[in-house]
file input_25.cif (mmCIF, C-alpha atoms)
data_upload
loop_
_atom_site.label_atom_id
_atom_site.label_comp_id
_atom_site.auth_asym_id
_atom_site.auth_seq_id
_atom_site.Cartn_x
_atom_site.Cartn_y
_atom_site.Cartn_z
CA MET B 1 -5.12 -27.56 2.84
CA PHE B 2 -5.34 -24.72 0.34
CA CYS B 3 -6.37 -24.59 -3.28
CA LEU B 4 -3.46 -23.04 -5.23
CA HIS B 5 -5.07 -21.07 -8.04
CA TYR B 6 -3.47 -21.70 -11.41
CA SER B 7 -2.83 -18.00 -12.00
CA TYR B 8 -0.39 -18.12 -9.07
CA ILE B 9 1.88 -20.78 -10.60
CA TYR B 10 4.65 -18.47 -11.70
CA LEU B 11 8.38 -19.18 -12.11
CA ASP B 12 10.88 -16.69 -13.49
CA LEU B 13 14.17 -14.84 -13.24
CA HIS B 14 13.28 -13.38 -9.84
CA LEU B 15 13.89 -16.78 -8.22
CA ILE B 16 17.41 -16.95 -9.65
CA ILE B 17 18.14 -13.38 -8.56
CA SER B 18 16.77 -14.10 -5.08
CA LEU B 19 19.09 -17.10 -4.73
CA LEU B 20 22.05 -14.98 -5.74
CA ALA B 21 21.00 -12.30 -3.26
CA ASP B 22 20.66 -14.88 -0.48
CA THR B 23 24.22 -16.06 -1.07
CA GLY B 24 25.53 -12.51 -0.88
CA MET B 25 26.63 -12.58 -4.52
CA PHE B 26 24.09 -10.05 -5.62
CA CYS B 27 22.19 -7.11 -4.13
CA LEU B 28 19.59 -5.47 -6.33
CA ARG B 29 19.26 -2.51 -4.00
CA ARG B 30 22.86 -1.54 -4.74
CA CYS B 31 22.68 -2.19 -8.47
CA PRO B 32 22.84 0.65 -10.99
CA ARG B 33 19.39 1.44 -12.30
CA SER B 34 20.24 0.27 -15.84
CA SER B 35 21.46 -3.10 -14.51
CA LEU B 36 18.33 -3.51 -12.38
CA LEU B 37 16.08 -2.95 -15.37
CA LYS B 38 18.03 -5.34 -17.59
CA LEU B 39 18.12 -8.15 -15.04
CA LEU B 40 14.43 -7.96 -14.26
CA SER B 41 13.23 -8.11 -17.85
CA LYS B 42 10.75 -10.96 -18.43
CA SER B 43 7.60 -11.93 -20.22
CA ARG B 44 4.43 -9.96 -19.59
CA SER B 45 1.52 -11.35 -17.58
CA ILE B 46 -1.07 -9.83 -19.91
CA SER B 47 -0.54 -8.59 -23.44
CA SER B 48 -2.79 -7.27 -26.20
CA SER B 49 -5.60 -6.70 -23.70
CA CYS B 50 -7.57 -3.61 -22.81
CA ILE B 51 -6.82 -4.24 -19.13
CA ASP B 52 -3.07 -4.66 -19.59
CA PRO B 53 -1.49 -2.55 -16.80
CA ASN B 54 1.53 -1.95 -19.06
CA LEU B 55 -0.48 0.19 -21.46
CA GLY B 56 0.90 3.73 -21.51
CA LEU B 57 4.02 2.87 -19.49
CA THR B 58 7.59 3.53 -20.53
CA THR B 59 10.10 0.70 -20.86
CA ASP B 60 11.59 1.57 -17.47
CA GLU B 61 8.17 1.65 -15.80
CA ILE B 62 7.28 -1.72 -17.31
CA GLU B 63 10.48 -3.22 -15.94
CA TYR B 64 9.74 -1.92 -12.46
CA ARG B 65 6.24 -3.34 -12.69
CA ASP B 66 7.62 -6.69 -13.84
CA ALA B 67 9.98 -6.80 -10.86
CA ALA B 68 7.10 -6.15 -8.47
CA LEU B 69 4.82 -8.66 -10.19
CA ASN B 70 7.54 -11.31 -10.04
CA PHE B 71 7.85 -10.75 -6.31
CA ALA B 72 4.07 -10.77 -5.90
CA LYS B 73 3.61 -14.07 -7.72
CA THR B 74 6.58 -15.91 -6.19
CA GLU B 75 6.74 -14.52 -2.64
CA LEU B 76 3.29 -13.17 -1.78
CA ALA B 77 0.56 -15.03 -3.67
CA PRO B 78 1.52 -18.58 -2.61
CA ASN B 79 1.38 -17.52 1.06
CA MET B 80 -1.45 -14.98 1.02
CA GLN B 81 -4.23 -17.31 2.18
CA THR B 82 -2.10 -18.99 4.86
CA TRP B 83 -1.01 -15.65 6.30
CA ASP B 84 -4.65 -14.54 6.37
CA LEU B 85 -5.79 -17.58 8.35
CA THR B 86 -2.87 -17.61 10.78
CA GLU B 87 -2.75 -13.80 11.05
CA GLU B 88 0.99 -13.92 10.49
CA PHE B 89 2.81 -10.66 9.79
CA PRO B 90 5.35 -11.83 7.16
CA VAL B 91 8.28 -9.73 8.34
CA GLU B 92 10.98 -11.73 6.58
CA THR B 93 9.11 -11.67 3.27
CA ILE B 94 8.55 -7.94 3.61
CA LYS B 95 12.24 -7.42 4.27
CA ARG B 96 13.14 -9.44 1.18
CA SER B 97 11.28 -6.87 -0.91
CA ALA B 98 14.02 -4.42 0.05
CA GLU B 99 16.38 -6.39 -2.19
CA LEU B 100 14.41 -4.86 -5.05
CA GLY B 101 14.55 -1.39 -3.51
CA PHE B 102 10.95 -1.50 -2.28
CA GLY B 103 11.81 -0.18 1.18
CA GLY B 104 12.81 3.26 -0.09
CA LEU B 105 10.99 3.89 -3.33
CA PHE B 106 10.80 7.67 -2.89
CA VAL B 107 13.98 8.17 -0.86
CA SER B 108 17.27 9.62 -2.09
CA PRO B 109 19.87 7.11 -3.32
CA ASP B 110 22.24 8.69 -0.78
CA TYR B 111 20.18 6.91 1.88
CA GLY B 112 19.57 3.63 0.06
CA GLY B 113 16.46 4.62 -1.87
CA LEU B 114 15.47 4.63 -5.54
CA SER B 115 14.13 8.21 -5.68
CA LEU B 116 11.26 7.16 -7.94
CA PRO B 117 8.37 9.44 -8.88
CA ARG B 118 4.96 8.74 -7.35
CA HIS B 119 3.74 7.46 -10.68
CA ASP B 120 6.32 4.64 -10.70
CA GLY B 121 5.52 3.87 -7.07
CA SER B 122 1.86 3.50 -7.99
CA VAL B 123 2.74 1.01 -10.71
CA ILE B 124 4.83 -1.02 -8.26
CA PHE B 125 2.21 -1.07 -5.48
CA GLU B 126 -0.49 -2.13 -7.92
CA ALA B 127 1.63 -5.08 -9.04
CA LEU B 128 2.53 -6.10 -5.49
CA SER B 129 -1.16 -6.08 -4.54
CA GLN B 130 -1.90 -8.74 -7.12
CA GLY B 131 -0.01 -11.08 -4.80
CA CYS B 132 -1.28 -9.88 -1.42
CA VAL B 133 -3.17 -6.65 -0.80
CA THR B 134 -2.45 -6.59 2.93
CA THR B 135 1.30 -7.02 2.62
CA ALA B 136 1.54 -4.51 -0.22
CA SER B 137 -0.50 -2.01 1.78
CA TYR B 138 1.88 -2.26 4.72
CA ILE B 139 4.82 -1.67 2.38
CA THR B 140 3.11 1.54 1.22
CA ILE B 141 2.88 2.74 4.84
CA HIS B 142 6.53 1.93 5.50
CA ASN B 143 7.49 3.88 2.39
CA MET B 144 5.35 6.84 3.45
CA VAL B 145 7.20 7.11 6.77
CA ASN B 146 10.60 6.74 5.12
CA ALA B 147 9.75 9.40 2.53
CA MET B 148 8.52 11.81 5.21
CA ILE B 149 11.81 11.56 7.09
CA ASP B 150 13.81 11.96 3.87
CA THR B 151 11.73 14.98 2.79
CA PHE B 152 11.36 16.86 6.08
CA GLY B 153 14.10 15.46 8.29
CA THR B 154 17.40 17.03 9.20
CA GLU B 155 20.59 15.64 7.71
CA ALA B 156 21.27 13.85 10.98
CA GLN B 157 17.78 12.29 11.01
CA ARG B 158 18.08 11.16 7.42
CA GLU B 159 21.48 9.59 8.05
CA LYS B 160 20.27 7.89 11.21
CA TYR B 161 16.96 6.46 10.01
CA CYS B 162 16.58 6.34 6.22
CA PRO B 163 19.28 3.75 5.36
CA ASP B 164 17.86 1.19 7.81
CA LEU B 165 14.32 1.90 6.62
CA SER B 166 15.33 1.62 2.96
CA SER B 167 17.02 -1.73 3.58
CA MET B 168 14.12 -2.70 5.85
CA GLU B 169 16.52 -3.58 8.63
CA LYS B 170 13.96 -1.53 10.51
CA LEU B 171 10.22 -1.31 9.81
CA ALA B 172 8.04 1.74 10.46
CA SER B 173 4.50 2.66 11.47
CA TYR B 174 2.60 5.92 11.03
CA CYS B 175 0.65 7.23 14.03
CA LEU B 176 -2.00 9.85 13.32
CA THR B 177 -5.45 8.43 14.19
CA GLU B 178 -6.59 8.43 17.82
CA PRO B 179 -9.49 6.73 19.60
CA GLY B 180 -11.35 10.07 19.62
CA SER B 181 -10.13 11.61 16.36
CA GLY B 182 -10.25 9.87 13.03
CA SER B 183 -11.37 11.99 10.10
CA ASP B 184 -10.99 15.12 12.25
CA ALA B 185 -7.23 14.62 12.52
CA ALA B 186 -6.60 18.19 13.69
CA ALA B 187 -8.51 17.36 16.90
CA LEU B 188 -5.83 14.94 18.14
CA VAL B 189 -4.94 15.20 21.82
CA THR B 190 -1.78 13.12 22.26
CA SER B 191 0.50 15.63 23.94
CA ALA B 192 4.23 16.32 23.72
CA ARG B 193 5.31 18.62 26.55
CA LYS B 194 8.75 20.13 26.12
CA GLU B 195 11.09 19.83 29.09
CA GLY B 196 14.63 21.00 28.41
CA SER B 197 16.12 18.93 25.60
CA LYS B 198 13.30 16.40 25.42
CA TYR B 199 9.55 16.01 24.88
CA ILE B 200 7.34 14.07 27.29
CA VAL B 201 4.69 12.27 25.23
CA ASN B 202 1.35 11.09 26.64
CA GLY B 203 -1.69 9.73 24.85
CA SER B 204 -2.84 6.95 22.56
CA LYS B 205 -3.00 6.24 18.85
CA ALA B 206 -5.53 3.86 17.30
CA PHE B 207 -5.67 1.57 14.26
CA ILE B 208 -1.90 1.62 13.83
CA SER B 209 -0.72 -0.76 11.10
CA GLY B 210 2.23 -2.93 12.06
CA ALA B 211 2.01 -1.82 15.69
CA GLY B 212 3.93 -4.08 18.03
CA ALA B 213 6.07 -5.49 15.23
CA THR B 214 7.78 -2.37 13.90
CA ASP B 215 10.88 -0.53 15.07
CA LEU B 216 10.06 3.11 14.43
CA LEU B 217 7.04 5.39 14.75
CA VAL B 218 6.31 8.79 13.24
CA VAL B 219 3.81 10.23 15.71
CA MET B 220 1.62 13.31 15.36
CA THR B 221 1.44 15.07 18.73
CA ARG B 222 0.08 18.28 20.17
CA THR B 223 2.86 20.65 21.19
CA GLY B 224 0.78 23.83 21.01
CA GLY B 225 -2.81 25.05 21.15
CA LYS B 226 -5.93 23.61 19.56
CA GLY B 227 -6.25 23.09 15.84
CA PRO B 228 -3.79 22.10 13.11
CA LYS B 229 -1.15 24.72 13.98
CA GLY B 230 -0.57 23.08 17.37
CA VAL B 231 0.45 19.72 15.89
CA SER B 232 4.06 18.53 15.60
CA ALA B 233 5.62 15.30 14.34
CA LEU B 234 8.07 13.22 16.36
CA ILE B 235 10.23 10.26 15.37
CA ILE B 236 10.07 7.69 18.18
CA ASP B 237 11.94 4.41 18.45
CA THR B 238 9.63 1.66 19.64
CA ASP B 239 12.07 0.44 22.30
CA THR B 240 11.68 3.75 24.16
CA PRO B 241 10.39 3.18 27.73
CA GLY B 242 6.72 4.04 28.24
CA ILE B 243 5.39 2.65 24.96
CA SER B 244 2.84 -0.15 25.22
CA TYR B 245 0.33 -1.77 22.91
CA GLY B 246 -3.32 -2.71 23.18
CA GLN B 247 -4.83 -6.01 22.14
CA LYS B 248 -4.45 -6.87 18.46
CA GLU B 249 -7.67 -5.98 16.68
CA LYS B 250 -9.77 -8.69 15.03
CA LYS B 251 -10.59 -7.45 11.54
CA ILE B 252 -12.59 -8.49 8.48
CA GLY B 253 -9.50 -8.22 6.30
CA TRP B 254 -5.87 -7.12 6.50
CA ASN B 255 -5.43 -10.06 8.88
CA ASN B 256 -1.73 -10.62 8.23
CA GLN B 257 -0.95 -7.10 9.36
CA PRO B 258 -1.20 -6.37 13.13
CA THR B 259 -3.39 -3.41 14.03
CA CYS B 260 -3.74 -2.11 17.56
CA VAL B 261 -3.66 0.88 19.90
CA VAL B 262 -0.26 2.38 20.75
CA ASN B 263 -0.07 3.96 24.23
CA PHE B 264 2.46 6.60 25.31
CA ASP B 265 2.97 6.99 29.07
CA ASP B 266 5.53 9.71 29.89
CA VAL B 267 7.62 8.68 26.88
CA GLU B 268 10.80 10.77 26.71
CA VAL B 269 11.78 11.79 23.18
CA PRO B 270 14.86 13.90 22.38
CA CYS B 271 14.08 17.28 20.82
CA ASP B 272 16.43 16.23 18.03
CA ASN B 273 13.68 13.79 16.97
CA LEU B 274 11.29 16.60 16.04
CA LEU B 275 10.45 16.10 12.36
CA GLY B 276 10.25 19.48 10.66
CA SER B 277 9.49 22.37 12.98
CA GLU B 278 7.01 22.77 15.83
CA GLY B 279 3.52 23.39 14.50
CA GLN B 280 4.35 21.88 11.10
CA GLY B 281 3.12 18.39 11.93
CA PHE B 282 -0.36 18.67 10.44
CA ASN B 283 1.04 19.88 7.12
CA LEU B 284 3.52 17.00 7.16
CA ALA B 285 0.68 14.58 7.84
CA MET B 286 -1.41 15.91 4.97
CA HIS B 287 1.62 15.82 2.66
CA GLY B 288 2.14 12.18 3.54
CA LEU B 289 -1.53 11.37 3.06
CA ASN B 290 -1.62 12.77 -0.47
CA GLY B 291 0.92 10.16 -1.52
CA GLY B 292 -0.74 7.61 0.74
CA ARG B 293 -4.06 8.05 -1.07
CA ILE B 294 -2.42 7.29 -4.39
CA ASN B 295 -0.74 4.25 -2.83
CA ILE B 296 -3.95 2.81 -1.38
CA ALA B 297 -5.84 3.47 -4.61
CA SER B 298 -3.03 1.59 -6.36
CA CYS B 299 -3.52 -1.37 -4.02
CA SER B 300 -7.20 -1.38 -4.97
CA LEU B 301 -6.11 -1.48 -8.61
CA GLY B 302 -4.02 -4.57 -7.94
CA ALA B 303 -6.85 -6.33 -6.14
CA ALA B 304 -9.32 -5.60 -8.93
CA GLN B 305 -6.81 -6.55 -11.63
CA GLN B 306 -6.22 -9.96 -10.07
CA CYS B 307 -9.93 -10.54 -9.43
CA LEU B 308 -10.76 -9.71 -13.04
CA GLU B 309 -7.98 -11.92 -14.39
CA ASP B 310 -9.20 -14.79 -12.21
CA VAL B 311 -12.86 -14.39 -13.12
CA LEU B 312 -12.04 -14.21 -16.82
CA HIS B 313 -10.46 -17.66 -16.55
CA TYR B 314 -13.21 -18.96 -14.27
CA THR B 315 -16.10 -17.89 -16.50
CA ASN B 316 -14.31 -19.40 -19.49
CA ASP B 317 -13.75 -22.76 -17.79
CA ARG B 318 -16.99 -23.04 -15.81
CA LYS B 319 -19.87 -24.64 -17.73
CA ALA B 320 -23.56 -23.95 -17.17
CA PHE B 321 -26.44 -24.96 -19.43
CA ASN B 322 -23.97 -26.77 -21.71
CA GLN B 323 -21.84 -23.71 -22.44
CA PRO B 324 -19.16 -21.61 -20.75
CA LEU B 325 -20.44 -18.92 -18.42
CA ASN B 326 -18.86 -16.24 -20.56
CA ALA B 327 -21.03 -17.28 -23.50
CA ASN B 328 -23.91 -15.61 -21.63
CA GLN B 329 -24.39 -12.03 -22.79
CA HIS B 330 -25.14 -10.81 -19.27
CA VAL B 331 -21.79 -12.19 -18.08
CA GLN B 332 -20.03 -10.61 -21.06
CA PHE B 333 -21.56 -7.23 -20.29
CA LYS B 334 -20.63 -7.54 -16.61
CA LEU B 335 -17.03 -8.34 -17.54
CA ALA B 336 -17.00 -5.34 -19.88
CA GLU B 337 -18.25 -3.06 -17.10
CA MET B 338 -15.61 -4.39 -14.70
CA ALA B 339 -12.84 -3.85 -17.26
CA THR B 340 -14.06 -0.31 -17.94
CA GLU B 341 -14.13 0.60 -14.26
CA LEU B 342 -10.65 -0.87 -13.76
CA THR B 343 -9.12 0.99 -16.69
CA THR B 344 -10.85 4.25 -15.81
CA ALA B 345 -9.62 4.05 -12.23
CA ARG B 346 -6.08 3.28 -13.37
CA LEU B 347 -6.03 6.34 -15.63
CA MET B 348 -7.24 8.52 -12.75
CA VAL B 349 -4.69 7.16 -10.28
CA ARG B 350 -1.77 7.58 -12.65
CA GLN B 351 -2.85 11.09 -13.60
CA ALA B 352 -3.10 12.06 -9.91
CA ALA B 353 0.36 10.61 -9.31
CA LYS B 354 1.81 12.65 -12.17
CA SER B 355 0.08 15.74 -10.82
CA LEU B 356 1.58 15.17 -7.38
CA ASP B 357 5.02 14.62 -8.91
CA ALA B 358 4.69 17.92 -10.79
CA LYS B 359 3.44 19.73 -7.65
CA GLU B 360 0.44 21.01 -9.58
CA PRO B 361 -2.01 23.20 -7.60
CA ASN B 362 -4.89 20.75 -8.08
CA ALA B 363 -2.88 17.73 -6.93
CA VAL B 364 -4.60 17.46 -3.54
CA ALA B 365 -8.05 17.32 -5.15
CA LEU B 366 -6.89 14.84 -7.80
CA CYS B 367 -5.39 12.58 -5.11
CA ALA B 368 -8.69 12.68 -3.23
CA MET B 369 -10.64 12.11 -6.43
CA CYS B 370 -8.61 9.09 -7.52
CA LYS B 371 -8.74 7.58 -4.05
CA LEU B 372 -12.51 8.05 -3.89
CA TYR B 373 -13.18 6.61 -7.33
CA ALA B 374 -10.68 3.77 -7.25
CA THR B 375 -11.48 2.41 -3.80
CA GLU B 376 -15.25 2.63 -4.30
CA ARG B 377 -15.51 1.34 -7.86
CA LEU B 378 -12.80 -1.28 -7.62
CA PHE B 379 -14.29 -2.79 -4.48
CA LYS B 380 -17.39 -3.27 -6.64
CA VAL B 381 -15.21 -4.99 -9.26
CA CYS B 382 -13.99 -7.41 -6.58
CA ASP B 383 -17.58 -7.92 -5.44
CA ASP B 384 -18.74 -8.64 -8.99
CA ALA B 385 -15.87 -11.11 -9.43
CA LEU B 386 -16.95 -12.92 -6.27
CA GLN B 387 -20.55 -13.00 -7.52
CA LEU B 388 -19.52 -14.47 -10.87
CA HIS B 389 -17.66 -17.22 -9.02
CA GLY B 390 -20.98 -18.21 -7.46
CA GLY B 391 -20.72 -20.35 -4.35
CA TYR B 392 -17.03 -20.97 -4.98
CA GLY B 393 -16.35 -17.26 -4.55
CA TYR B 394 -17.52 -17.55 -0.94
CA LEU B 395 -15.02 -20.29 -0.13
CA LYS B 396 -11.71 -19.39 1.46
CA SER B 397 -9.91 -21.80 -0.86
CA TYR B 398 -10.58 -19.29 -3.66
CA PRO B 399 -8.55 -16.06 -3.37
CA VAL B 400 -11.27 -13.77 -4.75
CA GLN B 401 -12.97 -13.52 -1.35
CA GLN B 402 -9.72 -12.38 0.29
CA PHE B 403 -9.14 -9.64 -2.26
CA TRP B 404 -12.74 -8.58 -1.58
CA ARG B 405 -12.21 -8.51 2.21
CA ASP B 406 -8.77 -6.90 2.12
CA SER B 407 -9.78 -4.08 -0.24
CA ARG B 408 -12.89 -3.06 1.74
CA VAL B 409 -10.92 -1.01 4.27
CA HIS B 410 -9.42 1.10 1.49
CA ARG B 411 -12.62 3.14 1.49
CA ILE B 412 -11.91 4.09 5.11
CA LEU B 413 -8.18 4.51 5.72
CA GLU B 414 -5.99 7.39 4.47
CA GLY B 415 -9.17 9.47 4.55
CA THR B 416 -12.70 8.06 4.25
CA SER B 417 -14.70 8.31 1.04
CA GLU B 418 -16.83 10.94 2.76
CA VAL B 419 -13.78 13.10 3.47
CA MET B 420 -12.63 12.64 -0.13
CA HIS B 421 -15.99 14.06 -1.26
CA MET B 422 -15.35 17.06 0.99
CA LEU B 423 -11.87 17.69 -0.42
CA VAL B 424 -13.04 17.52 -4.03
CA ALA B 425 -16.01 19.81 -3.31
CA ARG B 426 -13.76 22.26 -1.48
CA ASP B 427 -11.51 22.52 -4.53
CA LEU B 428 -14.49 23.13 -6.80
CA LEU B 429 -16.05 25.82 -4.63
CA LYS B 430 -12.89 27.78 -3.89
CA HIS B 431 -12.64 28.75 -7.56
CA LEU B 432 -16.07 30.42 -7.69
#

call {"tool": "encode", "arguments": {"input": "input_25.cif", "output": "structure tokens"}}
result
Amino acid sequence: MFCLHYSYIYLDLHLIISLLADTGMFCLRRCPRSSLLKLLSKSRSISSSCIDPNLGLTTDEIEYRDAALNFAKTELAPNMQTWDLTEEFPVETIKRSAELGFGGLFVSPDYGGLSLPRHDGSVIFEALSQGCVTTASYITIHNMVNAMIDTFGTEAQREKYCPDLSSMEKLASYCLTEPGSGSDAAALVTSARKEGSKYIVNGSKAFISGAGATDLLVVMTRTGGKGPKGVSALIIDTDTPGISYGQKEKKIGWNNQPTCVVNFDDVEVPCDNLLGSEGQGFNLAMHGLNGGRINIASCSLGAAQQCLEDVLHYTNDRKAFNQPLNANQHVQFKLAEMATELTTARLMVRQAAKSLDAKEPNAVALCAMCKLYATERLFKVCDDALQLHGGYGYLKSYPVQQFWRDSRVHRILEGTSEVMHMLVARDLLKHL
């Protein structure tokens, strides 16, 4: 029995569109962009507020955010707590997000994508995370893989893989981390030995999101000598013989997303599945991670936004000492601090996204900076929201604790906070 928080009771045009899509009468993914924006117009969740995520957005960007928020409130939020307890990977729900184009946000329309800038993607992922951080985070990973193939793949690879990934007929996982190499990604040892027209892959990858439930892997392997120049990327279908999976990890959060070790035992991969050129894999990985850092920071924004919205209502309704909690000046100041951190982080994330879109020379540092600030400070916002809920915040019937648990890992994945410090410092010092 779950307590359905009142902020999750949300009914709108998305339900009608979903019904039409289910009957085959309508497919948003194939709609012209102007039609998509018109059909998804609706009332705003927050207006005239200093934490309104729509502030500074264009009309088009607001419409994309509304579409994502509709999906979050109708498809994700009502199921978030159940999925967490049952550890269910909601594959069918994830695939329904493709009806809105969310399987190929950064991919060319020729292959079923929307070809959006990173900034718009950030807005969408933030909104999705208000419904379920874990599910939204997986969707970011799927999009990262799809975008890597679209950006660096051959025409044949793009034609073969991107349409199915964009429609989410197939789901993808990204394989970089190994049991013995996390932050030091260039030290990976999974090998790909070339034999004629194929590679023979041996090794293991760790902490792989979606592992065991996805159809496609982009795997960083060692085809050459030590260091980053010996790394190459391979596209591997998960039904290839020799692939096996370890036990599903038991985690603090991200419970409705399977995470486990992926083992490769003499896995034969056609040379045609080499993504980019030999020795380019590390650069491809870092390119993907720059966007990934914006995406994960955006998911932290969504978690903090929802926690702050919930705690604003809670402190207004909850009475203590014959007055609402928010009549207490300490509570007011805490809410003001939380709102300031949220808005500051959002400005940083969106600026980094614009910098990456523009291919500015400082984009890598700005991506690291926004990921560092957003994931650290916004986890504190979630923590403060839990604290203001008092004992109720510690109950699983209240969603604030799940946002708190699910956003904690954001300080670790896609580059730890410590590595983000290193990247920012490196950018500062190289200009001396």

call {"tool": "residues_around", "arguments": {"input": "input_25.cif", "residues": "Gly113 of chain B", "least_positions_apart": "5", "cutoff": "10 Å", "atoms": "only C-alpha atoms", "output": "number ranges by chain"}}
result
B: 29-30, 98, 101-108, 143, 146-147, 150, 162-163, 165-167

call {"tool": "closest_residue", "arguments": {"input": "input_25.cif", "among": "B:Asp66, B:Asp406, B:Asp357, B:Asp272", "to": "Ser115 of chain B", "atoms": "all atoms listed in the file"}}
result
B:Asp357

call {"tool": "resolve_selection", "arguments": {"input": "input_25.cif", "expression": "the PyMOL selection byres ((chain B and resi 68) around 9)", "output": "PDB file with C-alpha atoms, in the frame of the given file"}}
result
ATOM      1  CA  GLU B  63      10.480  -3.220 -15.940  1.00  0.00           C
ATOM      2  CA  TYR B  64       9.740  -1.920 -12.460  1.00  0.00           C
ATOM      3  CA  ARG B  65       6.240  -3.340 -12.690  1.00  0.00           C
ATOM      4  CA  ASP B  66       7.620  -6.690 -13.840  1.00  0.00           C
ATOM      5  CA  ALA B  67       9.980  -6.800 -10.860  1.00  0.00           C
ATOM      6  CA  LEU B  69       4.820  -8.660 -10.190  1.00  0.00           C
ATOM      7  CA  ASN B  70       7.540 -11.310 -10.040  1.00  0.00           C
ATOM      8  CA  PHE B  71       7.850 -10.750  -6.310  1.00  0.00           C
ATOM      9  CA  ALA B  72       4.070 -10.770  -5.900  1.00  0.00           C
ATOM     10  CA  LYS B  73       3.610 -14.070  -7.720  1.00  0.00           C
ATOM     11  CA  SER B  97      11.280  -6.870  -0.910  1.00  0.00           C
ATOM     12  CA  LEU B 100      14.410  -4.860  -5.050  1.00  0.00           C
ATOM     13  CA  PHE B 102      10.950  -1.500  -2.280  1.00  0.00           C
ATOM     14  CA  VAL B 123       2.740   1.010 -10.710  1.00  0.00           C
ATOM     15  CA  ILE B 124       4.830  -1.020  -8.260  1.00  0.00           C
ATOM     16  CA  PHE B 125       2.210  -1.070  -5.480  1.00  0.00           C
ATOM     17  CA  GLU B 126      -0.490  -2.130  -7.920  1.00  0.00           C
ATOM     18  CA  ALA B 127       1.630  -5.080  -9.040  1.00  0.00           C
ATOM     19  CA  LEU B 128       2.530  -6.100  -5.490  1.00  0.00           C
TER      20      LEU B 128
END

call {"tool": "closest_atom_pairs", "arguments": {"input": "input_25.cif", "of": "segment 208-257 of chain B", "to": "segment 171-175 of chain B", "cutoff": "7 Å", "atoms": "all atoms listed in the file", "output": "tab-separated table"}}
result
residue	atom	partner	partner_atom	distance
B:Ile208	CA	B:Cys175	CA	6.2
B:Ser209	CA	B:Ser173	CA	6.3
B:Gly210	CA	B:Ser173	CA	6.1
B:Ala211	CA	B:Ser173	CA	6.6
B:Thr214	CA	B:Leu171	CA	4.9
B:Asp215	CA	B:Leu171	CA	5.4
B:Leu216	CA	B:Ala172	CA	4.7
B:Leu217	CA	B:Ser173	CA	5.0
B:Val218	CA	B:Tyr174	CA	5.2
B:Val219	CA	B:Cys175	CA	4.7
B:Met220	CA	B:Cys175	CA	6.3

call {"tool": "write_last_selection", "arguments": {"input": "input_25.cif", "atoms": "C-alpha atoms", "output": "compact mmCIF listing (two decimals), in the coordinates of the input"}}
result
# COMPACT_ATOMS: atom_id res chain seq x y z
CA ILE B 208 -1.90 1.62 13.83
CA SER B 209 -0.72 -0.76 11.10
CA GLY B 210 2.23 -2.93 12.06
CA ALA B 211 2.01 -1.82 15.69
CA THR B 214 7.78 -2.37 13.90
CA ASP B 215 10.88 -0.53 15.07
CA LEU B 216 10.06 3.11 14.43
CA LEU B 217 7.04 5.39 14.75
CA VAL B 218 6.31 8.79 13.24
CA VAL B 219 3.81 10.23 15.71
CA MET B 220 1.62 13.31 15.36

call {"tool": "resolve_selection", "arguments": {"input": "input_25.cif", "expression": "the PyMOL selection byres ((chain B and resi 340) around 12)", "output": "list in words"}}
result
Cys50, Ile51, Asp52, Ala304, Gln305, Leu308, Phe333, Lys334, Leu335, Ala336, Glu337, Met338, Ala339, Glu341, Leu342, Thr343, Thr344, Ala345, Arg346, Leu347, Ala374, Arg377, Leu378 and Val381 of chain B

call {"tool": "write_last_selection", "arguments": {"input": "input_25.cif", "atoms": "C-alpha atoms", "output": "mmCIF file, in the coordinates of the input"}}
result
data_model
loop_
_atom_site.group_PDB
_atom_site.id
_atom_site.type_symbol
_atom_site.label_atom_id
_atom_site.label_comp_id
_atom_site.auth_asym_id
_atom_site.auth_seq_id
_atom_site.Cartn_x
_atom_site.Cartn_y
_atom_site.Cartn_z
ATOM 1 C CA CYS B 50 -7.570 -3.610 -22.810
ATOM 2 C CA ILE B 51 -6.820 -4.240 -19.130
ATOM 3 C CA ASP B 52 -3.070 -4.660 -19.590
ATOM 4 C CA ALA B 304 -9.320 -5.600 -8.930
ATOM 5 C CA GLN B 305 -6.810 -6.550 -11.630
ATOM 6 C CA LEU B 308 -10.760 -9.710 -13.040
ATOM 7 C CA PHE B 333 -21.560 -7.230 -20.290
ATOM 8 C CA LYS B 334 -20.630 -7.540 -16.610
ATOM 9 C CA LEU B 335 -17.030 -8.340 -17.540
ATOM 10 C CA ALA B 336 -17.000 -5.340 -19.880
ATOM 11 C CA GLU B 337 -18.250 -3.060 -17.100
ATOM 12 C CA MET B 338 -15.610 -4.390 -14.700
ATOM 13 C CA ALA B 339 -12.840 -3.850 -17.260
ATOM 14 C CA GLU B 341 -14.130 0.600 -14.260
ATOM 15 C CA LEU B 342 -10.650 -0.870 -13.760
ATOM 16 C CA THR B 343 -9.120 0.990 -16.690
ATOM 17 C CA THR B 344 -10.850 4.250 -15.810
ATOM 18 C CA ALA B 345 -9.620 4.050 -12.230
ATOM 19 C CA ARG B 346 -6.080 3.280 -13.370
ATOM 20 C CA LEU B 347 -6.030 6.340 -15.630
ATOM 21 C CA ALA B 374 -10.680 3.770 -7.250
ATOM 22 C CA ARG B 377 -15.510 1.340 -7.860
ATOM 23 C CA LEU B 378 -12.800 -1.280 -7.620
ATOM 24 C CA VAL B 381 -15.210 -4.990 -9.260
#

call {"tool": "resolve_selection", "arguments": {"input": "input_25.cif", "expression": "the PyMOL selection byres ((chain B and resi 131) around 9)", "output": "list in words"}}
result
Tyr8, Leu69, Phe71, Ala72, Lys73, Thr74, Glu75, Leu76, Ala77, Pro78, Asn79, Met80, Ala127, Leu128, Ser129, Gln130, Cys132, Val133, Thr135, Ala136, Gly302, Ala303 and Gln306 of chain B
